[in-house]
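Structure file work-v1.cif (mmCIF, C-alpha atoms and all ligand atoms) follows.
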data_my_file
loop_
_atom_site.group_PDB
_atom_site.id
_atom_site.type_symbol
_atom_site.label_atom_id
_atom_site.label_comp_id
_atom_site.auth_asym_id
_atom_site.auth_seq_id
_atom_site.Cartn_x
_atom_site.Cartn_y
_atom_site.Cartn_z
ATOM 1 C CA MET A 1 0.000 0.000 0.000
ATOM 2 C CA ARG A 2 1.878 3.038 -1.263
ATOM 3 C CA LEU A 3 -0.487 5.714 0.114
ATOM 4 C CA GLU A 4 -1.532 4.156 3.431
ATOM 5 C CA GLY A 5 -3.144 6.741 5.723
ATOM 6 C CA LYS A 6 -2.670 9.663 3.310
ATOM 7 C CA ASN A 7 -5.555 12.078 2.739
ATOM 8 C CA ALA A 8 -6.290 13.267 -0.793
ATOM 9 C CA LEU A 9 -8.667 15.662 -2.518
ATOM 10 C CA ILE A 10 -9.344 15.100 -6.216
ATOM 11 C CA THR A 11 -11.258 17.689 -8.248
ATOM 12 C CA GLY A 12 -13.592 16.589 -11.038
ATOM 13 C CA ALA A 13 -13.489 13.063 -9.606
ATOM 14 C CA ALA A 14 -17.104 12.023 -10.224
ATOM 15 C CA GLN A 15 -16.170 10.330 -13.506
ATOM 16 C CA GLY A 16 -13.412 9.666 -16.045
ATOM 17 C CA ILE A 17 -9.765 10.099 -15.127
ATOM 18 C CA GLY A 18 -10.525 11.700 -11.736
ATOM 19 C CA LYS A 19 -12.690 8.779 -10.645
ATOM 20 C CA ALA A 20 -10.090 6.239 -11.794
ATOM 21 C CA VAL A 21 -7.445 8.127 -9.819
ATOM 22 C CA ALA A 22 -9.734 8.153 -6.755
ATOM 23 C CA LEU A 23 -10.274 4.376 -6.938
ATOM 24 C CA GLY A 24 -6.570 3.743 -7.627
ATOM 25 C CA MET A 25 -5.435 5.875 -4.695
ATOM 26 C CA ALA A 26 -7.991 4.220 -2.398
ATOM 27 C CA LYS A 27 -6.624 0.788 -3.367
ATOM 28 C CA GLU A 28 -3.230 2.092 -2.206
ATOM 29 C CA GLY A 29 -4.744 3.013 1.182
ATOM 30 C CA ALA A 30 -5.546 6.732 0.779
ATOM 31 C CA ASN A 31 -8.685 8.433 2.108
ATOM 32 C CA VAL A 32 -10.223 10.393 -0.752
ATOM 33 C CA ALA A 33 -12.450 13.468 -1.026
ATOM 34 C CA ILE A 34 -14.320 13.407 -4.335
ATOM 35 C CA ALA A 35 -15.005 17.018 -5.340
ATOM 36 C CA ASP A 36 -17.107 17.740 -8.399
ATOM 37 C CA VAL A 37 -19.794 20.087 -9.746
ATOM 38 C CA ASN A 38 -21.957 17.004 -10.201
ATOM 39 C CA ILE A 39 -22.734 16.054 -6.591
ATOM 40 C CA GLU A 40 -24.934 13.048 -7.436
ATOM 41 C CA SER A 41 -22.186 11.342 -9.443
ATOM 42 C CA ALA A 42 -19.639 12.423 -6.830
ATOM 43 C CA ARG A 43 -21.700 10.636 -4.128
ATOM 44 C CA THR A 44 -21.835 7.460 -6.234
ATOM 45 C CA ALA A 45 -18.062 7.569 -6.817
ATOM 46 C CA SER A 46 -17.485 8.222 -3.119
ATOM 47 C CA GLN A 47 -19.543 5.126 -2.192
ATOM 48 C CA GLU A 48 -17.408 3.018 -4.552
ATOM 49 C CA VAL A 49 -14.269 4.389 -2.892
ATOM 50 C CA ASN A 50 -15.722 3.721 0.585
ATOM 51 C CA ALA A 51 -16.356 0.113 -0.373
ATOM 52 C CA LEU A 52 -12.575 -0.307 -0.746
ATOM 53 C CA GLY A 53 -12.227 0.155 3.025
ATOM 54 C CA VAL A 54 -10.954 3.751 3.213
ATOM 55 C CA LYS A 55 -12.713 6.959 4.251
ATOM 56 C CA SER A 56 -14.309 8.978 1.468
ATOM 57 C CA ILE A 57 -16.476 12.079 1.275
ATOM 58 C CA ALA A 58 -18.279 13.709 -1.650
ATOM 59 C CA LEU A 59 -18.183 17.477 -2.023
ATOM 60 C CA LYS A 60 -20.056 19.769 -4.381
ATOM 61 C CA LEU A 61 -17.336 21.996 -5.780
ATOM 62 C CA ASP A 62 -17.033 24.431 -8.653
ATOM 63 C CA VAL A 63 -13.262 24.927 -8.790
ATOM 64 C CA SER A 64 -13.627 28.307 -10.509
ATOM 65 C CA ASN A 65 -15.536 29.776 -7.540
ATOM 66 C CA GLN A 66 -13.215 30.953 -4.760
ATOM 67 C CA GLU A 67 -15.826 30.855 -1.962
ATOM 68 C CA ASN A 68 -16.773 27.329 -2.983
ATOM 69 C CA VAL A 69 -13.120 26.257 -2.970
ATOM 70 C CA ILE A 70 -12.469 27.757 0.482
ATOM 71 C CA ASP A 71 -15.566 25.991 1.902
ATOM 72 C CA ALA A 72 -14.603 22.649 0.334
ATOM 73 C CA PHE A 73 -11.093 22.759 1.812
ATOM 74 C CA LYS A 74 -12.540 23.667 5.248
ATOM 75 C CA THR A 75 -14.786 20.598 5.072
ATOM 76 C CA VAL A 76 -11.972 18.308 3.963
ATOM 77 C CA THR A 77 -9.576 19.434 6.667
ATOM 78 C CA SER A 78 -12.240 19.036 9.346
ATOM 79 C CA GLU A 79 -13.276 15.551 8.112
ATOM 80 C CA PHE A 80 -9.715 14.328 7.487
ATOM 81 C CA SER A 81 -6.944 15.052 9.991
ATOM 82 C CA SER A 82 -4.636 16.420 7.253
ATOM 83 C CA LEU A 83 -4.456 17.019 3.522
ATOM 84 C CA ASP A 84 -1.449 15.353 1.947
ATOM 85 C CA ILE A 85 -2.365 15.192 -1.734
ATOM 86 C CA LEU A 86 -4.259 17.507 -4.102
ATOM 87 C CA ILE A 87 -5.044 16.354 -7.624
ATOM 88 C CA ASN A 88 -6.061 19.258 -9.886
ATOM 89 C CA ASN A 89 -8.071 17.213 -12.371
ATOM 90 C CA ALA A 90 -11.306 19.139 -13.106
ATOM 91 C CA GLY A 91 -11.281 20.296 -16.705
ATOM 92 C CA ILE A 92 -13.556 21.140 -19.611
ATOM 93 C CA THR A 93 -13.290 21.788 -23.340
ATOM 94 C CA ARG A 94 -15.137 24.407 -25.441
ATOM 95 C CA ASP A 95 -13.571 23.814 -28.866
ATOM 96 C CA GLY A 96 -13.606 26.063 -31.909
ATOM 97 C CA ILE A 97 -11.077 27.676 -34.219
ATOM 98 C CA LEU A 98 -9.668 30.884 -32.818
ATOM 99 C CA LEU A 99 -11.498 33.333 -35.087
ATOM 100 C CA ARG A 100 -14.828 31.768 -34.137
ATOM 101 C CA MET A 101 -14.059 31.217 -30.479
ATOM 102 C CA LYS A 102 -16.326 33.267 -28.253
ATOM 103 C CA GLU A 103 -14.881 35.192 -25.345
ATOM 104 C CA GLU A 104 -17.169 33.242 -22.983
ATOM 105 C CA ASP A 105 -15.698 29.939 -24.238
ATOM 106 C CA TRP A 106 -12.175 31.231 -23.647
ATOM 107 C CA ASP A 107 -13.119 32.431 -20.149
ATOM 108 C CA ALA A 108 -14.990 29.246 -19.147
ATOM 109 C CA VAL A 109 -12.046 26.994 -20.047
ATOM 110 C CA LEU A 110 -9.383 29.222 -18.497
ATOM 111 C CA ASN A 111 -11.494 29.755 -15.356
ATOM 112 C CA ILE A 112 -12.049 26.051 -14.694
ATOM 113 C CA ASN A 113 -8.834 24.490 -16.004
ATOM 114 C CA LEU A 114 -6.283 27.091 -14.893
ATOM 115 C CA LYS A 115 -7.818 29.498 -12.353
ATOM 116 C CA GLY A 116 -9.515 26.533 -10.631
ATOM 117 C CA SER A 117 -6.132 24.858 -10.137
ATOM 118 C CA PHE A 118 -4.665 28.124 -8.810
ATOM 119 C CA LEU A 119 -7.514 28.499 -6.285
ATOM 120 C CA CYS A 120 -7.337 24.868 -5.116
ATOM 121 C CA SER A 121 -3.534 24.884 -4.928
ATOM 122 C CA LYS A 122 -3.659 28.058 -2.823
ATOM 123 C CA GLU A 123 -5.952 26.459 -0.219
ATOM 124 C CA ALA A 124 -3.965 23.208 -0.259
ATOM 125 C CA ILE A 125 -0.663 25.030 0.217
ATOM 126 C CA LYS A 126 -2.029 26.800 3.341
ATOM 127 C CA VAL A 127 -2.610 23.390 4.963
ATOM 128 C CA MET A 128 0.452 21.633 3.508
ATOM 129 C CA SER A 129 2.834 24.455 4.551
ATOM 130 C CA LYS A 130 1.859 23.967 8.200
ATOM 131 C CA GLN A 131 2.370 20.191 7.865
ATOM 132 C CA ARG A 132 5.669 20.742 6.031
ATOM 133 C CA PHE A 133 4.537 18.103 3.544
ATOM 134 C CA GLY A 134 2.286 17.879 0.521
ATOM 135 C CA LYS A 135 1.948 16.721 -3.060
ATOM 136 C CA ILE A 136 0.147 18.740 -5.714
ATOM 137 C CA ILE A 137 -0.381 16.949 -9.016
ATOM 138 C CA SER A 138 -2.075 18.722 -11.912
ATOM 139 C CA ILE A 139 -3.538 17.019 -14.958
ATOM 140 C CA SER A 140 -2.255 18.921 -17.975
ATOM 141 C CA SER A 141 -2.411 17.577 -21.543
ATOM 142 C CA VAL A 142 -0.271 16.674 -24.535
ATOM 143 C CA VAL A 143 -1.775 19.690 -26.328
ATOM 144 C CA ALA A 144 0.010 21.995 -23.877
ATOM 145 C CA PHE A 145 3.205 20.920 -25.658
ATOM 146 C CA MET A 146 1.965 20.381 -29.221
ATOM 147 C CA GLY A 147 -0.909 22.866 -29.624
ATOM 148 C CA ASN A 148 -4.093 21.615 -31.281
ATOM 149 C CA PRO A 149 -6.303 23.218 -33.931
ATOM 150 C CA GLY A 150 -9.626 24.181 -32.363
ATOM 151 C CA GLN A 151 -8.247 24.240 -28.818
ATOM 152 C CA ALA A 152 -6.605 27.655 -28.333
ATOM 153 C CA ASN A 153 -8.390 28.022 -24.983
ATOM 154 C CA TYR A 154 -7.799 24.438 -23.784
ATOM 155 C CA SER A 155 -4.142 24.172 -24.866
ATOM 156 C CA SER A 156 -3.386 27.583 -23.310
ATOM 157 C CA SER A 157 -5.011 26.518 -20.028
ATOM 158 C CA LYS A 158 -3.052 23.254 -19.981
ATOM 159 C CA ALA A 159 0.240 25.032 -20.847
ATOM 160 C CA GLY A 160 -0.526 27.497 -18.045
ATOM 161 C CA LEU A 161 -0.754 24.568 -15.629
ATOM 162 C CA ILE A 162 2.867 23.699 -16.380
ATOM 163 C CA GLY A 163 3.979 27.231 -15.422
ATOM 164 C CA LEU A 164 1.829 27.046 -12.286
ATOM 165 C CA THR A 165 3.304 23.639 -11.359
ATOM 166 C CA LYS A 166 6.923 24.735 -11.775
ATOM 167 C CA THR A 167 6.339 27.952 -9.833
ATOM 168 C CA ILE A 168 4.669 26.128 -6.917
ATOM 169 C CA ALA A 169 7.554 23.631 -6.968
ATOM 170 C CA LYS A 170 10.076 26.467 -6.579
ATOM 171 C CA GLU A 171 8.097 28.594 -4.112
ATOM 172 C CA TYR A 172 7.160 25.800 -1.675
ATOM 173 C CA ALA A 173 9.943 23.202 -1.894
ATOM 174 C CA SER A 174 11.312 24.585 1.372
ATOM 175 C CA ARG A 175 7.964 23.663 2.996
ATOM 176 C CA GLY A 176 8.194 20.058 1.815
ATOM 177 C CA ILE A 177 5.621 20.558 -0.939
ATOM 178 C CA ARG A 178 6.193 18.811 -4.272
ATOM 179 C CA ALA A 179 4.319 19.963 -7.379
ATOM 180 C CA ASN A 180 4.260 17.913 -10.564
ATOM 181 C CA ALA A 181 2.061 17.453 -13.617
ATOM 182 C CA VAL A 182 0.861 14.531 -15.684
ATOM 183 C CA ALA A 183 0.239 15.258 -19.364
ATOM 184 C CA PRO A 184 -2.083 12.624 -20.875
ATOM 185 C CA GLY A 185 -2.447 12.100 -24.598
ATOM 186 C CA PHE A 186 -5.706 10.713 -25.945
ATOM 187 C CA ILE A 187 -7.481 8.922 -23.070
ATOM 188 C CA GLN A 188 -10.829 7.138 -23.480
ATOM 189 C CA THR A 189 -13.354 9.080 -21.358
ATOM 190 C CA ALA A 190 -16.611 11.022 -21.822
ATOM 191 C CA MET A 191 -14.499 14.032 -22.866
ATOM 192 C CA THR A 192 -13.027 12.185 -25.866
ATOM 193 C CA ASP A 193 -16.117 10.044 -26.585
ATOM 194 C CA ALA A 194 -17.673 13.286 -27.834
ATOM 195 C CA LEU A 195 -15.242 13.354 -30.819
ATOM 196 C CA SER A 196 -16.248 11.928 -34.211
ATOM 197 C CA ASP A 197 -14.883 8.558 -35.398
ATOM 198 C CA GLU A 198 -13.057 10.405 -38.169
ATOM 199 C CA VAL A 199 -11.163 12.568 -35.666
ATOM 200 C CA LYS A 200 -10.438 9.522 -33.468
ATOM 201 C CA ASN A 201 -9.018 7.553 -36.420
ATOM 202 C CA GLU A 202 -6.788 10.476 -37.402
ATOM 203 C CA MET A 203 -5.529 10.760 -33.825
ATOM 204 C CA LYS A 204 -4.737 7.043 -33.616
ATOM 205 C CA LYS A 205 -2.462 7.389 -36.658
ATOM 206 C CA ALA A 206 -0.404 9.957 -34.723
ATOM 207 C CA ILE A 207 0.183 7.582 -31.791
ATOM 208 C CA PRO A 208 3.264 5.323 -32.185
ATOM 209 C CA LEU A 209 1.730 2.714 -29.835
ATOM 210 C CA SER A 210 -1.402 2.806 -32.069
ATOM 211 C CA GLN A 211 -3.897 2.789 -29.215
ATOM 212 C CA PHE A 212 -5.695 5.227 -26.953
ATOM 213 C CA GLY A 213 -4.823 5.360 -23.281
ATOM 214 C CA THR A 214 -7.115 4.430 -20.400
ATOM 215 C CA PRO A 215 -7.864 6.387 -17.212
ATOM 216 C CA GLU A 216 -5.863 3.680 -15.388
ATOM 217 C CA ASP A 217 -2.753 4.542 -17.448
ATOM 218 C CA VAL A 218 -2.977 8.097 -16.107
ATOM 219 C CA THR A 219 -3.764 6.815 -12.601
ATOM 220 C CA ASN A 220 -0.520 4.806 -12.494
ATOM 221 C CA ALA A 221 1.562 7.948 -13.142
ATOM 222 C CA VAL A 222 -0.420 9.969 -10.584
ATOM 223 C CA ILE A 223 -0.013 7.306 -7.878
ATOM 224 C CA PHE A 224 3.715 7.146 -8.530
ATOM 225 C CA LEU A 225 4.053 10.931 -8.114
ATOM 226 C CA ALA A 226 1.888 10.866 -4.959
ATOM 227 C CA SER A 227 3.912 8.041 -3.416
ATOM 228 C CA LYS A 228 7.087 8.130 -1.339
ATOM 229 C CA GLU A 229 8.967 6.697 -4.328
ATOM 230 C CA ALA A 230 8.668 10.134 -5.993
ATOM 231 C CA ASP A 231 9.640 12.281 -3.004
ATOM 232 C CA TYR A 232 12.745 13.612 -4.803
ATOM 233 C CA ILE A 233 10.748 14.614 -7.887
ATOM 234 C CA THR A 234 9.293 18.132 -8.165
ATOM 235 C CA GLY A 235 8.537 20.588 -10.967
ATOM 236 C CA GLN A 236 8.334 17.758 -13.516
ATOM 237 C CA VAL A 237 5.894 16.538 -16.120
ATOM 238 C CA ILE A 238 5.184 12.854 -16.797
ATOM 239 C CA HIS A 239 3.870 12.305 -20.339
ATOM 240 C CA VAL A 240 1.337 9.469 -20.678
ATOM 241 C CA ASN A 241 0.600 9.496 -24.399
ATOM 242 C CA GLY A 242 1.692 6.314 -26.200
ATOM 243 C CA GLY A 243 4.539 8.254 -27.814
ATOM 244 C CA MET A 244 2.267 10.886 -29.420
ATOM 245 C CA TYR A 245 4.648 13.601 -28.189
ATOM 246 C CA MET A 246 8.302 12.970 -27.322
HETATM 247 P P1 LIG A 301 -14.508 14.194 -17.893
HETATM 248 O O1 LIG A 301 -14.873 12.762 -18.098
HETATM 249 O O2 LIG A 301 -15.290 15.252 -18.606
HETATM 250 O O3 LIG A 301 -14.513 14.500 -16.312
HETATM 251 C C1 LIG A 301 -14.276 15.777 -15.820
HETATM 252 C C2 LIG A 301 -15.041 15.967 -14.520
HETATM 253 O O4 LIG A 301 -14.824 17.310 -14.051
HETATM 254 C C3 LIG A 301 -16.556 15.809 -14.711
HETATM 255 O O5 LIG A 301 -17.118 15.062 -13.644
HETATM 256 C C4 LIG A 301 -17.039 17.249 -14.679
HETATM 257 O O6 LIG A 301 -18.385 17.374 -14.254
HETATM 258 C C5 LIG A 301 -16.081 17.860 -13.678
HETATM 259 N N1 LIG A 301 -16.082 19.320 -13.733
HETATM 260 C C6 LIG A 301 -16.352 20.124 -14.789
HETATM 261 N N2 LIG A 301 -16.306 21.411 -14.420
HETATM 262 C C7 LIG A 301 -15.983 21.429 -13.096
HETATM 263 C C8 LIG A 301 -15.802 22.461 -12.148
HETATM 264 N N3 LIG A 301 -15.971 23.757 -12.468
HETATM 265 N N4 LIG A 301 -15.494 22.138 -10.877
HETATM 266 C C9 LIG A 301 -15.369 20.831 -10.502
HETATM 267 N N5 LIG A 301 -15.544 19.813 -11.359
HETATM 268 C C10 LIG A 301 -15.839 20.090 -12.651
HETATM 269 O O7 LIG A 301 -12.993 14.462 -18.285
HETATM 270 P P2 LIG A 301 -11.722 13.477 -18.273
HETATM 271 O O8 LIG A 301 -11.504 13.027 -19.658
HETATM 272 O O9 LIG A 301 -11.809 12.510 -17.168
HETATM 273 O O10 LIG A 301 -10.586 14.537 -17.969
HETATM 274 C C11 LIG A 301 -10.062 14.768 -16.670
HETATM 275 C C12 LIG A 301 -8.883 15.745 -16.792
HETATM 276 O O11 LIG A 301 -7.912 15.174 -17.665
HETATM 277 C C13 LIG A 301 -9.279 17.081 -17.400
HETATM 278 O O12 LIG A 301 -8.533 18.108 -16.797
HETATM 279 C C14 LIG A 301 -8.854 16.929 -18.841
HETATM 280 O O13 LIG A 301 -8.586 18.165 -19.447
HETATM 281 C C15 LIG A 301 -7.600 16.097 -18.693
HETATM 282 N N6 LIG A 301 -7.208 15.377 -19.907
HETATM 283 C C16 LIG A 301 -8.059 14.467 -20.480
HETATM 284 C C17 LIG A 301 -7.656 13.823 -21.640
HETATM 285 C C18 LIG A 301 -8.520 12.816 -22.326
HETATM 286 O O14 LIG A 301 -8.130 12.360 -23.414
HETATM 287 N N7 LIG A 301 -9.660 12.417 -21.773
HETATM 288 C C19 LIG A 301 -6.406 14.090 -22.196
HETATM 289 C C20 LIG A 301 -5.571 15.011 -21.583
HETATM 290 C C21 LIG A 301 -5.987 15.651 -20.430
HETATM 291 P P3 LIG A 301 -19.547 17.488 -15.414
HETATM 292 O O15 LIG A 301 -19.393 16.290 -16.283
HETATM 293 O O16 LIG A 301 -20.807 17.518 -14.620
HETATM 294 O O17 LIG A 301 -19.245 18.761 -16.146
#
Now that the file is in, can you turn its structure into structure tokens?
Ligand code: NAP
Amino acid sequence: MRLEGKNALITGAAQGIGKAVALGMAKEGANVAIADVNIESARTASQEVNALGVKSIALKLDVSNQENVIDAFKTVTSEFSSLDILINNAGITRDGILLRMKEEDWDAVLNINLKGSFLCSKEAIKVMSKQRFGKIISISSVVAFMGNPGQANYSSSKAGLIGLTKTIAKEYASRGIRANAVAPGFIQTAMTDALSDEVKNEMKKAIPLSQFGTPEDVTNAVIFLASKEADYITGQVIHVNGGMYM
């Protein structure tokens, strides 16, 4: 059990990658707070985590709302004795080529994907600084490094997460806080199910391993970074993309 007794909060964990990470971390012994805008699905995910024999709570959280974030962290720190791990996973897409992209689509994506991670990291760092220990892991994307037509907002938000991660790593290393990112390629979830078969086939051609990743592939990298085995790693990005970007 690599995360025995650790307490984690995962944003956007009601489904997809976040839920897989929650289940994976619970199997390694961590207590997990499932925070998501969708409270019904968050409760269901939390029950599944509970069934693995660890403590789990479900929280209604919009990561882009500061008051909401502050309240959620208060609840987590009162329910759990500490907060050791934050996974900034909540993310959305609002695709469109730049000239047609509406300002509201830019703002929505940047507010949830990047500002949300800033707000959650800020609250986590307050707790982790006092403990002199913490791990912050943000889910970026391969498009942060490659760009992607139709995703000016999304790729900018995910590139911003890398800057945020490296800055947290430098600012809070002296407090025992490690900040790293995982950059998935094409992972099979509701987010990518929305793409047409034509787009999916084109994407597969660009992947040397010729297959899409699973939420569990991302989970394995996240658990490694959260574990003691990665205590000397900070400010780094682990790419989980089947060779799509090297
Ligand atoms: P997903 O299936 O859409 O799950 C995202 C979860 O976040 C959903 O439960 C969603 O709730 C929730 N959420 C949305 N807005 C939120 C907010 N403001 N506050 C809190 N929670 C919110 O997506 P996924 O594919 O698992 O992706 C998870 C993360 O991995 C995202 O950051 C994504 O950008 C990143 N990623 C995914 C891929 C991929 O190929 N799937 C690749 C690279 C990176 P609702 O469904 O109710 O909106």
| request: Produce as an MDAnalysis selection string the set of residues near ligand LIG 301 (chain A), where near means within 7 Å with all atoms listed in the file considered. | output: chainID A and resid 11:18 35:38 61:64 89:92 112:113 139:142 183:192
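This file, filtered with the PyMOL selection byres (((chain A and resi 1) around 9) and not hetatm), gives the residues Arg2, Leu3, Glu4, Lys27, Glu28, Gly29 and Ala30 of chain A.
Across A:Lys126, A:Thr219, A:Gln47, A:His239, the tightest approach to Ala144 in chain A is made by A:His239 when counting only C-alpha atoms.
Shell of Ala8 in chain A at 7 Å, with all atoms listed in the file counted and residues fewer than 5 places along the chain excluded, is Ala30, Asn31, Val32, Ala33, Leu83, Asp84, Ile85 and Leu86 of chain A.
Among the candidates A:Ala206, A:Ile125, A:Ala22, A:Ala226, the one nearest to Tyr172 in chain A when counting all atoms listed in the file is A:Ile125.
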| field | Selection dump of the PyMOL selection byres (((chain A and resi 48) around 12) and not hetatm), as a VMD selection string | value | chain A and resid 13 to 15 19 to 20 22 to 24 26 to 27 32 34 41 to 47 49 to 58
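Counting from CA of Lys115 in chain A, the distance to CA of Leu225 in chain A is 22.4 Å.
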Near-Gln66 in chain A list (9 Å; all atoms listed in the file; drop same-chain fewer than 6 positions) as a PDB file with C-alpha atoms, in the frame of the given file:
ATOM      1  CA  GLY A 116      -9.515  26.533 -10.631  1.00  0.00           C
ATOM      2  CA  LEU A 119      -7.514  28.499  -6.285  1.00  0.00           C
ATOM      3  CA  CYS A 120      -7.337  24.868  -5.116  1.00  0.00           C
TER       4      CYS A 120
END
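What separates CA of Ser227 in chain A from CA of Asp71 in chain A is a distance of 27.0 Å.
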| Applied to this file, what does the PyMOL selection byres (((chain A and resi 237) around 8) and not hetatm) return in terms of residues, put as a list in words? | Ile162, Asn180, Ala181, Val182, Ala183, Gly235, Gln236, Ile238 and His239 of chain A
Report as AutoDock Vina command-line options the centre and the edge lengths, in Å to one decimal, of the axis-aligned box holding every listed atom of range 102-105 of chain A, padded by 4 Å on each side.
--center_x -16.0 --center_y 32.6 --center_z -25.6 --size_x 10.3 --size_y 13.3 --size_z 13.3
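Comparing A:Val69, A:Leu9, A:Met244, A:Met128 by their smallest distance to Met203 in chain A, the closest is A:Met244 (using only C-alpha atoms).
Within 8 Å of Ser156 in chain A, once all atoms listed in the file are used and residues closer than 4 positions along the same chain are dropped, the contacting residues are Leu110, Ala144, Ala152 and Gly160 of chain A.
The two atoms in question, CA of Ala169 in chain A and CA of Ser81 in chain A, are spaced 23.9 Å apart.
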| said: Please list as number ranges by chain every residue within 8 Å of Gln211 in chain A, counting all atoms listed in the file and excluding residues in the same chain fewer than 3 positions away. | reply: A: 204, 207, 242
Based on the selection just made, write C-alpha atoms of those residues as a compact mmCIF listing (two decimals), keeping the file's coordinate frame.
# COMPACT_ATOMS: atom_id res chain seq x y z
CA LYS A 204 -4.74 7.04 -33.62
CA ILE A 207 0.18 7.58 -31.79
CA GLY A 242 1.69 6.31 -26.20
| Nearest to Phe133 in chain A by atom-to-atom distance, counting only C-alpha atoms, from A:Leu209, A:Ala173, A:Ala72, A:Ala194 | A:Ala173
Taking only residues of range 71-118 of chain A that have an atom at most 10 Å from an atom of range 163-167 of chain A, what is each one's shortest atom pair and its distance in Å to one decimal, using all atoms listed in the file, in chain and number order, as JSON lines?
{"residue": "A:Leu114", "atom": "CA", "partner": "A:Leu164", "partner_atom": "CA", "distance": 8.5}
{"residue": "A:Lys115", "atom": "CA", "partner": "A:Leu164", "partner_atom": "CA", "distance": 10.0}
{"residue": "A:Ser117", "atom": "CA", "partner": "A:Leu164", "partner_atom": "CA", "distance": 8.5}
{"residue": "A:Phe118", "atom": "CA", "partner": "A:Leu164", "partner_atom": "CA", "distance": 7.4}
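Using only C-alpha atoms, the shortest contact distance between Val109 in chain A and any of A:Lys158, A:Lys135, A:Lys74, A:Lys122 is found at A:Lys158.
Of the residues under consideration (A:Leu161, A:Ile87, A:Ile10, A:Ile39), A:Ile87 shows the shortest atom-to-atom contact distance to Ile137 in chain A when counting only C-alpha atoms.
If you count only C-alpha atoms and draw a sphere of 10 Å around (-10.9, 24.2, -27.3), the protein and nucleic acid residues inside it come out as Ile92, Thr93, Arg94, Asp95, Gly96, Ile97, Leu98, Met101, Asp105, Trp106, Val109, Asn148, Pro149, Gly150, Gln151, Ala152, Asn153, Tyr154, Ser155, Ser156 and Ser157 of chain A.
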Take range 133-150 of chain A from the block and save it with C-alpha atoms, as a PDB file, in the first residue's frame.
ATOM      1  CA  PHE A 133       4.537  18.103   3.544  1.00  0.00           C
ATOM      2  CA  GLY A 134       2.286  17.879   0.521  1.00  0.00           C
ATOM      3  CA  LYS A 135       1.948  16.721  -3.060  1.00  0.00           C
ATOM      4  CA  ILE A 136       0.147  18.740  -5.714  1.00  0.00           C
ATOM      5  CA  ILE A 137      -0.381  16.949  -9.016  1.00  0.00           C
ATOM      6  CA  SER A 138      -2.075  18.722 -11.912  1.00  0.00           C
ATOM      7  CA  ILE A 139      -3.538  17.019 -14.958  1.00  0.00           C
ATOM      8  CA  SER A 140      -2.255  18.921 -17.975  1.00  0.00           C
ATOM      9  CA  SER A 141      -2.411  17.577 -21.543  1.00  0.00           C
ATOM     10  CA  VAL A 142      -0.271  16.674 -24.535  1.00  0.00           C
ATOM     11  CA  VAL A 143      -1.775  19.690 -26.328  1.00  0.00           C
ATOM     12  CA  ALA A 144       0.010  21.995 -23.877  1.00  0.00           C
ATOM     13  CA  PHE A 145       3.205  20.920 -25.658  1.00  0.00           C
ATOM     14  CA  MET A 146       1.965  20.381 -29.221  1.00  0.00           C
ATOM     15  CA  GLY A 147      -0.909  22.866 -29.624  1.00  0.00           C
ATOM     16  CA  ASN A 148      -4.093  21.615 -31.281  1.00  0.00           C
ATOM     17  CA  PRO A 149      -6.303  23.218 -33.931  1.00  0.00           C
ATOM     18  CA  GLY A 150      -9.626  24.181 -32.363  1.00  0.00           C
TER      19      GLY A 150
END
